[in-house]
Amino acid sequence: MRLPSTRRAAREAATPRVLYVCTANQCRSPFAEHIARRATGSRPLLVASAGFRAAGERVPSTGLRVAEQRGLALERHRSRRIDDVDLDSFDLILTMERQHARDIVAAHPALAPRVFTVKQFDRWAAAHPRGAGRALGPWLDEAAADRPPADLLGISTQDDTFDPIASPAPAWIAMADELEEHAAALVRWINSPGVGTRASRRASRG
């Protein structure tokens with residue numbers, strides 16, 4: 001039975017929306033998007049990805065082979081520019097590098113509590129179990145409001161996810177393994193208010 005439009009709209013508004021961002025939306029963020037979507041299963045979570053460079057580009061052939069081996073269908077993926085995305089509509093924006101996060105926050109300061117690198121978020125989530133009874137975005141606006149500005153400053157790459165675009169298959173596999181672990185932890189965190197995850201706890205100790 002179809003839900004009345006008002007009830008359906010309310011349900012969709014309450015569904016957490018996550019955006020992954022990388023440089024070109026050809027490697028890291030599309031892998032993260034598809035891995036997270038698969039990890040979600042039938043649970044409510046909307047996932048998308050975007051990048052800063054030209055739209056319409058394909059995933060490199062090495063990436064497509066690795067994706068196929070992992071059961072990810074990326075052959076139809078085409079890159080999308082972040083300028084074409086309504087960032088305000090996302091509850092959580094996860095970037096692959098600090099520079100990406102800095103650029104987003106510089107252009108959209110009000111979104112700062114919702115913007116993390118993937119690795120920063122995994123650590124943060126270990127110490128901040130998801131609040132119950134609140135939409136994710138508004139909850140993050142309060143719960144993450146006191147994050148130190150230093151989280152986005154400096155040239156350290158310790159919070160970056162390696163870009164395999166010009167690398168052989170092993171680098172793509174390592175990236176995908178890392179994102180698989182992240183996605184499983186993210187989905188558990190979102191769907192288990194008040195409960196941490198093993199992957200997030202490992203990140204907090206790393």
# chains A, B, ... in the order shown; residues from 1 in each chain; ligands from 1
>>> select_by_dssp(residues="segment 16-97 of chain A", states="strand (DSSP E or B)", output="list in words")
Arg17, Val18, Leu19, Tyr20, Val21, Cys22, Leu46, Val47, Ala48, Ser49, Ala50, Gly51, Arg81, Leu92, Ile93, Leu94 and Thr95 of chain A
>>> write_last_selection(atoms="C-alpha atoms", output="short mmCIF file (atom, residue, chain, number, x, y, z; two decimals), in the first residue's frame")
data_model
loop_
_atom_site.label_atom_id
_atom_site.label_comp_id
_atom_site.auth_asym_id
_atom_site.auth_seq_id
_atom_site.Cartn_x
_atom_site.Cartn_y
_atom_site.Cartn_z
CA ARG A 17 21.39 11.52 3.77
CA VAL A 18 25.16 11.09 3.39
CA LEU A 19 27.35 12.67 0.71
CA TYR A 20 30.87 11.45 -0.08
CA VAL A 21 33.24 13.94 -1.72
CA CYS A 22 36.63 13.51 -3.37
CA LEU A 46 20.40 7.72 1.16
CA VAL A 47 23.96 7.95 -0.17
CA ALA A 48 25.43 10.08 -2.97
CA SER A 49 28.83 11.32 -4.15
CA ALA A 50 30.37 14.32 -5.90
CA GLY A 51 33.71 15.95 -6.68
CA ARG A 81 30.43 18.35 -9.65
CA LEU A 92 26.51 14.27 6.83
CA ILE A 93 29.23 15.18 4.32
CA LEU A 94 32.28 12.91 4.34
CA THR A 95 35.34 13.94 2.37
#
>>> select_by_dssp(residues="segment 6-201 of chain A", states="helix (DSSP H, G or I)", output="ChimeraX atom specification")
/A:6-14,28-40,61-69,82-84,87-89,98-107,109-114,118-127,136-143,149-152,169-191,198-201
>>> residues_around(residues="Ala67 of chain A", least_positions_apart="2", cutoff="12 Å", atoms="only C-alpha atoms", output="NGL selection string")
:A and (27-28 or 30-32 or 34-35 or 59-65 or 69-77 or 169 or 172-173 or 175-177 or 180)
>>> residues_around(residues="Met96 of chain A", least_positions_apart="4", cutoff="10 Å", atoms="only C-alpha atoms", output="PyMOL selection string")
chain A and resi 20-23+28-29+32+100-101+116-120+159-163
>>> residues_around(residues="Pro109 of chain A", least_positions_apart="5", cutoff="12 Å", atoms="only C-alpha atoms", output="ChimeraX atom specification")
/A:87-88,101-104,114-115,141,145,149
>>> write_last_selection(atoms="N, CA and C atoms", output="tab-separated table (two decimals), in the first residue's frame")
chain	number	residue	atom	x	y	z
A	87	LEU	N	24.04	20.94	-1.06
A	87	LEU	CA	24.72	20.46	0.13
A	87	LEU	C	23.86	20.58	1.38
A	88	ASP	N	22.99	21.57	1.42
A	88	ASP	CA	22.13	21.76	2.59
A	88	ASP	C	21.17	20.60	2.80
A	101	ALA	N	37.32	19.10	2.80
A	101	ALA	CA	36.48	19.58	3.90
A	101	ALA	C	36.65	21.08	4.09
A	102	ARG	N	37.89	21.55	4.02
A	102	ARG	CA	38.14	23.00	4.17
A	102	ARG	C	37.41	23.79	3.11
A	103	ASP	N	37.48	23.33	1.87
A	103	ASP	CA	36.84	24.06	0.77
A	103	ASP	C	35.33	24.12	0.96
A	104	ILE	N	34.74	23.03	1.41
A	104	ILE	CA	33.29	23.01	1.62
A	104	ILE	C	32.90	23.96	2.75
A	114	ARG	N	28.64	19.28	10.12
A	114	ARG	CA	28.26	18.09	9.35
A	114	ARG	C	29.37	17.60	8.41
A	115	VAL	N	30.49	18.31	8.39
A	115	VAL	CA	31.56	18.00	7.43
A	115	VAL	C	32.77	17.40	8.16
A	141	ASP	N	24.40	19.17	14.12
A	141	ASP	CA	24.59	20.61	14.25
A	141	ASP	C	24.87	20.99	15.70
A	145	ALA	N	29.14	20.74	17.14
A	145	ALA	CA	29.38	22.18	17.03
A	145	ALA	C	30.68	22.62	17.68
A	149	PRO	N	38.65	23.94	15.31
A	149	PRO	CA	38.99	24.31	13.93
A	149	PRO	C	40.22	23.58	13.41
>>> atom_distance(atom1="atom CA of Thr40 of chain A", atom2="atom CA of Val187 of chain A")
6.1 Å
>>> closest_residue(among="A:Ala144, A:Leu152, A:Ala107, A:Ala185", to="His128 of chain A", atoms="only C-alpha atoms")
A:Ala144
>>> atom_distance(atom1="atom CA of Gly133 of chain A", atom2="atom CA of Asp91 of chain A")
14.8 Å
>>> atom_distance(atom1="atom CA of Trp124 of chain A", atom2="atom CA of Arg147 of chain A")
9.3 Å
>>> residues_around(residues="Ala132 of chain A", least_positions_apart="6", cutoff="10 Å", atoms="only C-alpha atoms", output="count of residues only")
6
>>> closest_residue(among="A:Ala106, A:Val66, A:Ala54, A:Ala126", to="Asp83 of chain A", atoms="only C-alpha atoms")
A:Ala54
>>> decode(residues="segment 76-175 of chain A", atoms="C-alpha atoms", output="mmCIF file, in the first residue's frame")
data_model
loop_
_atom_site.group_PDB
_atom_site.id
_atom_site.type_symbol
_atom_site.label_atom_id
_atom_site.label_comp_id
_atom_site.auth_asym_id
_atom_site.auth_seq_id
_atom_site.Cartn_x
_atom_site.Cartn_y
_atom_site.Cartn_z
ATOM 1 C CA ARG A 76 27.654 3.560 -15.559
ATOM 2 C CA HIS A 77 28.998 6.037 -13.028
ATOM 3 C CA ARG A 78 29.769 9.505 -14.346
ATOM 4 C CA SER A 79 31.400 12.150 -12.195
ATOM 5 C CA ARG A 80 29.254 14.918 -10.743
ATOM 6 C CA ARG A 81 30.429 18.354 -9.649
ATOM 7 C CA ILE A 82 29.794 19.411 -6.081
ATOM 8 C CA ASP A 83 28.512 22.746 -7.409
ATOM 9 C CA ASP A 84 25.536 20.844 -8.837
ATOM 10 C CA VAL A 85 24.620 19.339 -5.457
ATOM 11 C CA ASP A 86 22.355 20.861 -2.808
ATOM 12 C CA LEU A 87 24.723 20.463 0.134
ATOM 13 C CA ASP A 88 22.132 21.760 2.589
ATOM 14 C CA SER A 89 20.016 18.683 1.886
ATOM 15 C CA PHE A 90 22.626 16.321 3.372
ATOM 16 C CA ASP A 91 22.878 15.391 7.033
ATOM 17 C CA LEU A 92 26.506 14.271 6.827
ATOM 18 C CA ILE A 93 29.229 15.178 4.321
ATOM 19 C CA LEU A 94 32.278 12.909 4.342
ATOM 20 C CA THR A 95 35.343 13.935 2.368
ATOM 21 C CA MET A 96 38.438 12.027 1.376
ATOM 22 C CA GLU A 97 40.895 14.798 2.278
ATOM 23 C CA ARG A 98 41.137 17.693 4.717
ATOM 24 C CA GLN A 99 41.429 20.070 1.772
ATOM 25 C CA HIS A 100 38.029 18.958 0.483
ATOM 26 C CA ALA A 101 36.477 19.577 3.901
ATOM 27 C CA ARG A 102 38.142 22.997 4.173
ATOM 28 C CA ASP A 103 36.842 24.060 0.773
ATOM 29 C CA ILE A 104 33.293 23.013 1.619
ATOM 30 C CA VAL A 105 33.288 24.720 5.015
ATOM 31 C CA ALA A 106 34.839 27.886 3.567
ATOM 32 C CA ALA A 107 31.965 28.125 1.087
ATOM 33 C CA HIS A 108 29.269 26.914 3.503
ATOM 34 C CA PRO A 109 30.293 27.791 7.097
ATOM 35 C CA ALA A 110 26.952 26.777 8.577
ATOM 36 C CA LEU A 111 27.572 23.188 7.467
ATOM 37 C CA ALA A 112 30.810 22.833 9.473
ATOM 38 C CA PRO A 113 29.352 20.453 12.117
ATOM 39 C CA ARG A 114 28.259 18.092 9.349
ATOM 40 C CA VAL A 115 31.561 17.998 7.431
ATOM 41 C CA PHE A 116 34.323 15.511 8.292
ATOM 42 C CA THR A 117 36.925 13.510 6.470
ATOM 43 C CA VAL A 118 36.028 9.821 6.499
ATOM 44 C CA LYS A 119 38.785 9.068 9.008
ATOM 45 C CA GLN A 120 37.910 12.014 11.240
ATOM 46 C CA PHE A 121 34.312 10.884 11.362
ATOM 47 C CA ASP A 122 35.225 7.313 12.278
ATOM 48 C CA ARG A 123 37.182 8.637 15.259
ATOM 49 C CA TRP A 124 34.522 11.151 16.236
ATOM 50 C CA ALA A 125 31.729 8.577 16.076
ATOM 51 C CA ALA A 126 33.630 6.346 18.505
ATOM 52 C CA ALA A 127 33.260 9.007 21.191
ATOM 53 C CA HIS A 128 29.805 10.246 20.179
ATOM 54 C CA PRO A 129 27.158 7.529 19.865
ATOM 55 C CA ARG A 130 24.273 8.560 17.631
ATOM 56 C CA GLY A 131 21.574 10.469 19.496
ATOM 57 C CA ALA A 132 18.155 8.821 19.541
ATOM 58 C CA GLY A 133 14.929 10.441 18.437
ATOM 59 C CA ARG A 134 16.521 13.206 16.340
ATOM 60 C CA ALA A 135 17.113 13.644 12.637
ATOM 61 C CA LEU A 136 20.824 13.144 11.972
ATOM 62 C CA GLY A 137 21.645 16.569 10.516
ATOM 63 C CA PRO A 138 20.091 18.726 13.245
ATOM 64 C CA TRP A 139 21.574 16.431 15.878
ATOM 65 C CA LEU A 140 25.069 16.837 14.376
ATOM 66 C CA ASP A 141 24.589 20.609 14.254
ATOM 67 C CA GLU A 142 24.530 20.508 18.051
ATOM 68 C CA ALA A 143 26.657 17.469 18.902
ATOM 69 C CA ALA A 144 29.560 18.411 16.598
ATOM 70 C CA ALA A 145 29.377 22.178 17.025
ATOM 71 C CA ASP A 146 32.376 22.245 19.389
ATOM 72 C CA ARG A 147 34.828 20.444 17.100
ATOM 73 C CA PRO A 148 38.144 22.335 17.105
ATOM 74 C CA PRO A 149 38.992 24.310 13.930
ATOM 75 C CA ALA A 150 42.332 22.480 13.888
ATOM 76 C CA ASP A 151 40.450 19.437 12.598
ATOM 77 C CA LEU A 152 40.493 21.053 9.163
ATOM 78 C CA LEU A 153 43.798 22.930 9.319
ATOM 79 C CA GLY A 154 47.344 21.982 8.385
ATOM 80 C CA ILE A 155 48.844 19.906 5.604
ATOM 81 C CA SER A 156 48.889 16.566 7.406
ATOM 82 C CA THR A 157 47.595 13.693 5.288
ATOM 83 C CA GLN A 158 46.856 11.410 8.245
ATOM 84 C CA ASP A 159 43.131 12.048 7.808
ATOM 85 C CA ASP A 160 43.192 11.531 4.032
ATOM 86 C CA THR A 161 42.071 8.474 2.106
ATOM 87 C CA PHE A 162 44.717 7.646 -0.511
ATOM 88 C CA ASP A 163 43.759 8.502 -4.098
ATOM 89 C CA PRO A 164 44.521 5.469 -6.319
ATOM 90 C CA ILE A 165 43.668 7.136 -9.633
ATOM 91 C CA ALA A 166 47.136 6.628 -11.168
ATOM 92 C CA SER A 167 47.998 3.486 -9.198
ATOM 93 C CA PRO A 168 47.817 -0.246 -9.958
ATOM 94 C CA ALA A 169 45.120 -2.565 -8.652
ATOM 95 C CA PRO A 170 46.594 -3.200 -5.161
ATOM 96 C CA ALA A 171 46.110 0.480 -4.253
ATOM 97 C CA TRP A 172 42.475 0.318 -5.365
ATOM 98 C CA ILE A 173 41.954 -2.847 -3.357
ATOM 99 C CA ALA A 174 43.456 -1.260 -0.233
ATOM 100 C CA MET A 175 41.209 1.777 -0.647
#
